[in-house]
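Q: I am attaching a structure below and will ask some questions about it afterwards.
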Amino acid sequence: MDWLYAVMPIAGVQIFWPGLVILGLGVGILGGFFGMGAAWMVTPGLNILGFPMAFAIGTDIAHMAGKSIIATARHGKFGNVDYRLGLVMIFGTIVGFEVGAQMIMWFERIGKVELYVRIIYLVLLTFITWMVFSDIAKRKRKEREALAAGQELDKLATGHEWYKTLHKIKIPPMMHFKQSMVYCSVWLPIFISFMTGWLAGILGIGGGLIRMPSLIYFVGVPTHVAVGTDLFEVMISGIYGTATYTYKGRTELLAALIMLCGAAIGAQIGAVATKYIKGYGIRYAFGICVVGCFISIVLKMIARAYHNTICDVASTVVILGITSAVALYILVMMLRGASKEIAQKKARGAAAS
């Protein structure tokens, strides 16, 4: 079975290469669907497959950059990208990214990169899980209250509406983002982009893990526009990140290319799927992926601490399994939605004739 393993020339480690293909295809679908590079699953996934953490971060960013370009173009055709908002956020994204990348180099020098990055991941995943599922629960409560009052809840309404409070902060200059239907201080998206850029640099993610929900809950962007605009930002941070991590010698381009082969196909599928699965359907799937990623990281930490082979294998199974399962769900829902749309078009055509 040696042919299933390949030696990575830069990192100097032997990797189960089919795992890279599965990871690339799966997160390509998830990335195009959720509006993020799904790097929040790839970095721990690469680490679990055998890459040292610094190389997992750099390699993931390189893979993320190419995939995000494809997905952004696809979302742009659907009108899901607020380019004005994305351009405003670029400065904060790049500055934040470099701050995070420099912190990773420091963690590596003191020999704490594996531990610190995993801890930050677990804290972040815990917060995101709470935010997504508490939002879903609050939205359902609002729907029940509206139904009891004989009213219909706005389709764009969210459970958490923190953005309404933040929009009251009128620090000039103020700006109107037409595609997102948002009018706010320009400093709000810049601050969010700095924080997500920092996360991108320190965790090897596109920033989408926190940027997509931040655009929804803190800026007030509709979910489908937040997806496309976030991908635009992921593309920017990915291109910059690939350059800075390659310069620092922490990018395994062979692994990135293997994953990109699957991701290029997956990103197209994920982007098209958002046409048929809207709003809270996206958030449910997102929350499940976050929980699966959390469990996988915990299992890996147990395996390292106690030299437990079973937990080590289980962490790999969980990360690849949850990626494959949710990607399959998205693919099935996309095919079902497309079939329904084609049938409706045929029915309208028959009625017209």
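Lettering and numbering for the structure tokens are positional, with chains as A, B, ... in the shown order, residues counted from 1 in each chain, and ligands counted from 1 in the shown order.
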Would you list the contacts of A:Ile258 as a list of chain:residue names, taking every protein, DNA or RNA residue within 8 Å and counting only C-alpha atoms, but skipping same-chain residues closer than 2 positions in sequence?
A: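 After dropping sequence-adjacent residues, the list is A:Trp17, A:Leu20, A:Val21, A:Gly24, A:Leu254, A:Ala255, A:Ala256, A:Leu260, A:Cys261, A:Gly262.
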Q: Got time to write the residues from that selection, C-alpha atoms, as a PDB file, in the first residue's frame?
A:
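Full text of again04.pdb as output:
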ATOM      1  CA  TRP A  17      -2.376  11.461  -0.684  1.00  0.00           C
ATOM      2  CA  LEU A  20      -5.585  15.247   0.318  1.00  0.00           C
ATOM      3  CA  VAL A  21      -7.902  14.651  -2.664  1.00  0.00           C
ATOM      4  CA  GLY A  24      -9.725  19.189  -1.377  1.00  0.00           C
ATOM      5  CA  LEU A 254       2.718  19.846  -4.057  1.00  0.00           C
ATOM      6  CA  ALA A 255       0.048  19.161  -1.444  1.00  0.00           C
ATOM      7  CA  ALA A 256      -1.721  22.419  -2.330  1.00  0.00           C
ATOM      8  CA  LEU A 260      -6.704  22.183  -5.646  1.00  0.00           C
ATOM      9  CA  CYS A 261      -7.543  19.574  -8.298  1.00  0.00           C
ATOM     10  CA  GLY A 262     -10.492  18.417  -6.217  1.00  0.00           C
TER      11      GLY A 262
END
Q: What residues in stretch 26-175 of chain A get the DSSP label helix (DSSP H, G or I)? Please answer as a ChimeraX atom specification.
A: /A:26-34,39-49,53-77,83-109,113-148,162-166
Q: Just list as a PyMOL selection string whatever in stretch 109-340 of chain A DSSP marks as strand (DSSP E or B).
A: chain A and resi 174-177+182-185
Q: With only C-alpha atoms as the basis for distance, which of A:Ala285, A:Ile302, A:Ala352, A:Leu231 is at the shortest distance from A:Met212?
A: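 Ranked by minimum distance to A:Met212, first place goes to A:Leu231.
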Q: Between A:Thr126, A:Asn47, A:Thr196, A:Asn80, which is the closest to A:Ser180 once you count only C-alpha atoms?
A: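 Of the candidates, the smallest distance to A:Ser180 is held by A:Asn80.
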Q: Quick one, how far is atom CA of A:Gly159 from atom CA of A:Met131?
A: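 Going from atom CA of A:Gly159 over to atom CA of A:Met131 covers 9.8 Å.
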Q: Please provide the set of residues having any atom within 7 Å of A:Thr242, restricted to only C-alpha atoms, with same-chain residues fewer than 2 positions apart removed, written as a CSV table (one decimal) with N, CA and C atoms, in the first residue's frame.
A:
chain,number,residue,atom,x,y,z
A,58,GLY,N,0.5,27.2,6.1
A,58,GLY,CA,0.9,27.8,4.8
A,58,GLY,C,0.4,27.1,3.6
A,61,ILE,N,-3.3,27.8,3.1
A,61,ILE,CA,-3.6,29.2,2.5
A,61,ILE,C,-3.3,29.2,1.0
A,62,ALA,N,-2.3,28.4,0.5
A,62,ALA,CA,-2.0,28.4,-0.9
A,62,ALA,C,-3.1,27.7,-1.6
A,238,GLY,N,-5.9,35.1,0.7
A,238,GLY,CA,-5.3,33.9,0.3
A,238,GLY,C,-4.1,34.2,-0.6
A,239,ILE,N,-4.3,35.1,-1.6
A,239,ILE,CA,-3.2,35.5,-2.5
A,239,ILE,C,-2.0,36.1,-1.7
A,240,TYR,N,-2.4,37.0,-0.7
A,240,TYR,CA,-1.3,37.7,0.1
A,240,TYR,C,-0.7,36.6,1.0
A,244,THR,N,3.4,35.5,1.5
A,244,THR,CA,4.1,35.7,2.7
A,244,THR,C,4.6,34.4,3.4
A,245,TYR,N,3.7,33.3,3.3
A,245,TYR,CA,4.1,32.0,3.9
A,245,TYR,C,5.1,31.3,3.0
A,246,THR,N,5.0,31.5,1.7
A,246,THR,CA,6.0,30.9,0.8
A,246,THR,C,7.4,31.5,1.0
Q: Identify which of the residues A:Lys248, A:Lys168, A:His160, A:Arg348 lies closest to A:Asp135, counting only C-alpha atoms when measuring atom-to-atom distances.
A: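 That would be A:His160, the residue with the smallest distance to A:Asp135.
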Q: When you count only C-alpha atoms, which of these residues is closest to A:Ala267: A:Phe286, A:Phe33, A:Phe16, A:Trp3?
A: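 Of A:Phe286, A:Phe33, A:Phe16, A:Trp3, the one nearest A:Ala267 is A:Phe33, counting only C-alpha atoms.
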